[in-house]
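Novice: Before I ask anything, here is the structure I am working with.
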Amino acid sequence: MTSTGSVAVSWLRPVPPGVPSRFTRAGQVGYADRRLGELVQGRPPGVTGSQWSTAGRAGLDLVVCAADTGLPRFAVRFTTPAADGSPARRAERLTDAVCAAVGLPLVRVESPTLGGADQARRFAEYVVDARAYAAGTDPDDGDTIGFRDIEGRLPDGRRGPVNDLGALARVDAVEAYLAGRLADPIVRGLHVRWTDGPAEGWGWVEVRPGRCLVERVRLTSRGFACGVEPGRLAEDLAVAALGERLRDLDAAAPSLVDRGDLRGQVRRLAERRDSFDGGFAFDHLWVD
């Protein structure tokens with residue numbers, strides 16, 4: 001494809017009419033289980049044939065498109081963590097390169113716990129709502145409440161941030177503590193955003209005295225914004241993953257981490273502040 005004059009031609013292909021959708025929200029439609037190659041009109045410039053062959057087969061959990069044109073707005077992909085230098089990590093880099101070349105923002109969530117069609121749909125709906133809210137607010141208005149900080153009635157009757165993806169997990173942790181299944185009801189966490197890299201969120205809760213259940217999520221969202229800071233979003237996702245694990249604490253027991261070891265990991269992470277973009281946010285009282 002080419003472009004002439006000042007008219008830019010999109011490399012993105014509309015999702016065909018008749019394809020079943022997973023949701024319709026705020027003028028956008030979500031389609032599940034699409035391949036990247038189905039959304040792109042041929043191999044884009046700057047992408048080799050080998051790169052295109054690999055990236056074109058990449059599966060996307062949700063593709064969110066404009067309801068009127070069917071053109072993709074952004075895509076969501078949940079994956080398990082991959083080691084640096086592994087074939088899976090290389091495939092992700094190629095997918096990122098193709099998405100950047102065709103102008104398709106890709107939000108990747110790396111988690112050993114989160115995934116599946118329902119979780120991908122709920123996350124995509126959350127992002128659509130957050131973007132719609134941000135589009136209707138004035139970023140220069142210092143009194144504007146961010147989407148993540150909107151307060152309302154939580155499931156346990158208290159007031160709090162209703163758009164915290166980890167809100168249900170925090171309620172479940174209190175209930176588990178009252179039932180004698182946790183040593184501490186407080187869910188703690190941290191988040192960072194690596195310079196020129198992903199955001200990372202941690203969430204943990206003390207299950208047995210001195211033994212913690214820990215979840216970590218990496219969030220890559222180049223060229224994408226939804227009004228919620230990526231690090232904070234990654235931490236909320238990590239807490240949501242904890243909620244999934246709290247449903248079966250017997251199965252989680254072998255993976256509990258010593259509290260002292262966890263503190264050491266947090267301190268070592270804090271020592272790398274020069275590598276962070278936007279600081280390092282964590283529960284200081286717990287670490288000190």
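Chain identifiers are assigned as A, B, and so on, following the order in which chains appear in the structure tokens; residues are numbered from 1 within each chain, and ligands are numbered from 1 in order of appearance.
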Mind running segment 139-206 of chain A against segment 97-112 of chain A at 10 Å and telling me each contacting residue's nearest atom pair with the distance in Å (one decimal), counting only C-alpha atoms, chain and number ascending, as CSV?

Specialist:
```
residue,atom,partner,partner_atom,distance
A:Pro198,CA,A:Arg108,CA,9.3
A:Ala199,CA,A:Val109,CA,9.8
A:Glu200,CA,A:Glu110,CA,9.4
```

Novice: Only C-alpha atoms, please: the residues just picked out, written as an mmCIF file, in the first residue's frame.

Specialist:
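The result, written out as result01.cif:
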```cif
data_model
loop_
_atom_site.group_PDB
_atom_site.id
_atom_site.type_symbol
_atom_site.label_atom_id
_atom_site.label_comp_id
_atom_site.auth_asym_id
_atom_site.auth_seq_id
_atom_site.Cartn_x
_atom_site.Cartn_y
_atom_site.Cartn_z
ATOM 1 C CA PRO A 198 7.043 -2.151 30.531
ATOM 2 C CA ALA A 199 5.320 -1.314 33.765
ATOM 3 C CA GLU A 200 5.512 -3.863 36.545
#
```

Novice: Mind running segment 221-272 of chain A against segment 176-192 of chain A at 10 Å and telling me each contacting residue's nearest atom pair with the distance in Å (one decimal), counting only C-alpha atoms, chain and number ascending, as JSON lines?

Specialist:
```
{"residue": "A:Pro230", "atom": "CA", "partner": "A:Val192", "partner_atom": "CA", "distance": 8.7}
{"residue": "A:Gly231", "atom": "CA", "partner": "A:His191", "partner_atom": "CA", "distance": 5.1}
{"residue": "A:Arg232", "atom": "CA", "partner": "A:His191", "partner_atom": "CA", "distance": 6.2}
{"residue": "A:Leu233", "atom": "CA", "partner": "A:His191", "partner_atom": "CA", "distance": 8.7}
{"residue": "A:Ala234", "atom": "CA", "partner": "A:His191", "partner_atom": "CA", "distance": 7.0}
{"residue": "A:Glu235", "atom": "CA", "partner": "A:His191", "partner_atom": "CA", "distance": 5.6}
{"residue": "A:Asp236", "atom": "CA", "partner": "A:Gly189", "partner_atom": "CA", "distance": 8.7}
{"residue": "A:Ala238", "atom": "CA", "partner": "A:Gly189", "partner_atom": "CA", "distance": 8.3}
{"residue": "A:Val239", "atom": "CA", "partner": "A:Val187", "partner_atom": "CA", "distance": 7.5}
{"residue": "A:Leu242", "atom": "CA", "partner": "A:Val187", "partner_atom": "CA", "distance": 8.8}
{"residue": "A:Gly243", "atom": "CA", "partner": "A:Val187", "partner_atom": "CA", "distance": 9.9}
{"residue": "A:Leu246", "atom": "CA", "partner": "A:Ala176", "partner_atom": "CA", "distance": 8.1}
{"residue": "A:Arg247", "atom": "CA", "partner": "A:Ala176", "partner_atom": "CA", "distance": 9.4}
{"residue": "A:Leu249", "atom": "CA", "partner": "A:Arg181", "partner_atom": "CA", "distance": 8.1}
{"residue": "A:Val266", "atom": "CA", "partner": "A:Leu190", "partner_atom": "CA", "distance": 8.6}
{"residue": "A:Leu269", "atom": "CA", "partner": "A:Val192", "partner_atom": "CA", "distance": 9.2}
{"residue": "A:Ala270", "atom": "CA", "partner": "A:Val192", "partner_atom": "CA", "distance": 9.3}
```

Novice: Could you give me, as a PyMOL selection string, the residues within 10 Å of segment 47-58 of chain A, counting only C-alpha atoms and dropping anything in the same chain fewer than 2 positions from it?

Specialist: chain A and resi 34-40+42-45+60-61+77+90-99+101

Novice: Between A:Pro155, A:Gly166, A:Gly46, A:Pro14, which one has atoms that come closest to Val63 of chain A, using only C-alpha atoms?

Specialist: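 Among A:Pro155, A:Gly166, A:Gly46, A:Pro14, it is A:Pro14 that comes nearest to Val63 of chain A.
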
Novice: Write out as a VMD selection string the residues lying within 8 Å of Ala130 of chain A, counting only C-alpha atoms and excluding same-chain residues fewer than 5 positions away.

Specialist: chain A and resid 147 226 to 228

Novice: Within 9 Å of Ala120 of chain A, counting only C-alpha atoms, which residues qualify if same-chain residues fewer than 6 places away don't, as a count of residues only?

Specialist: 7

Novice: Which of these, A:Val217, A:Asn163, A:Gln41, A:Asp196, has the shortest distance to Gly115 of chain A once you count only C-alpha atoms?

Specialist: A:Val217

Novice: Counting only C-alpha atoms, what is within 6 Å of segment 250-257 of chain A, bar same-chain residues fewer than 3 positions away, as a ChimeraX atom specification?

Specialist: /A:211-213

Novice: Out of segment 37-125 of chain A, which residues get strand (DSSP E or B) from DSSP, as a list in words?

Specialist: Val40, Gly59, Leu60, Asp61, Leu62, Val63, Val64, Cys65, Ala66, Pro72, Arg73, Phe74, Ala75, Val76, Arg77, Phe78, Thr79, Leu106, Val107, Arg108, Val109 and Glu110 of chain A

Novice: Would you work out the distance separating atom CA of Gly136 of chain A from atom CA of Gly197 of chain A, expressed in Å to one decimal?

Specialist: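 So the answer is 28.5 Å.
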
Novice: Measuring atom to atom with only C-alpha atoms, identify which of A:Arg216, A:Arg22, A:Arg273, A:Arg263 is nearest to Asp118 of chain A.

Specialist: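 Among the listed residues, the smallest separation from Asp118 of chain A belongs to A:Arg22.
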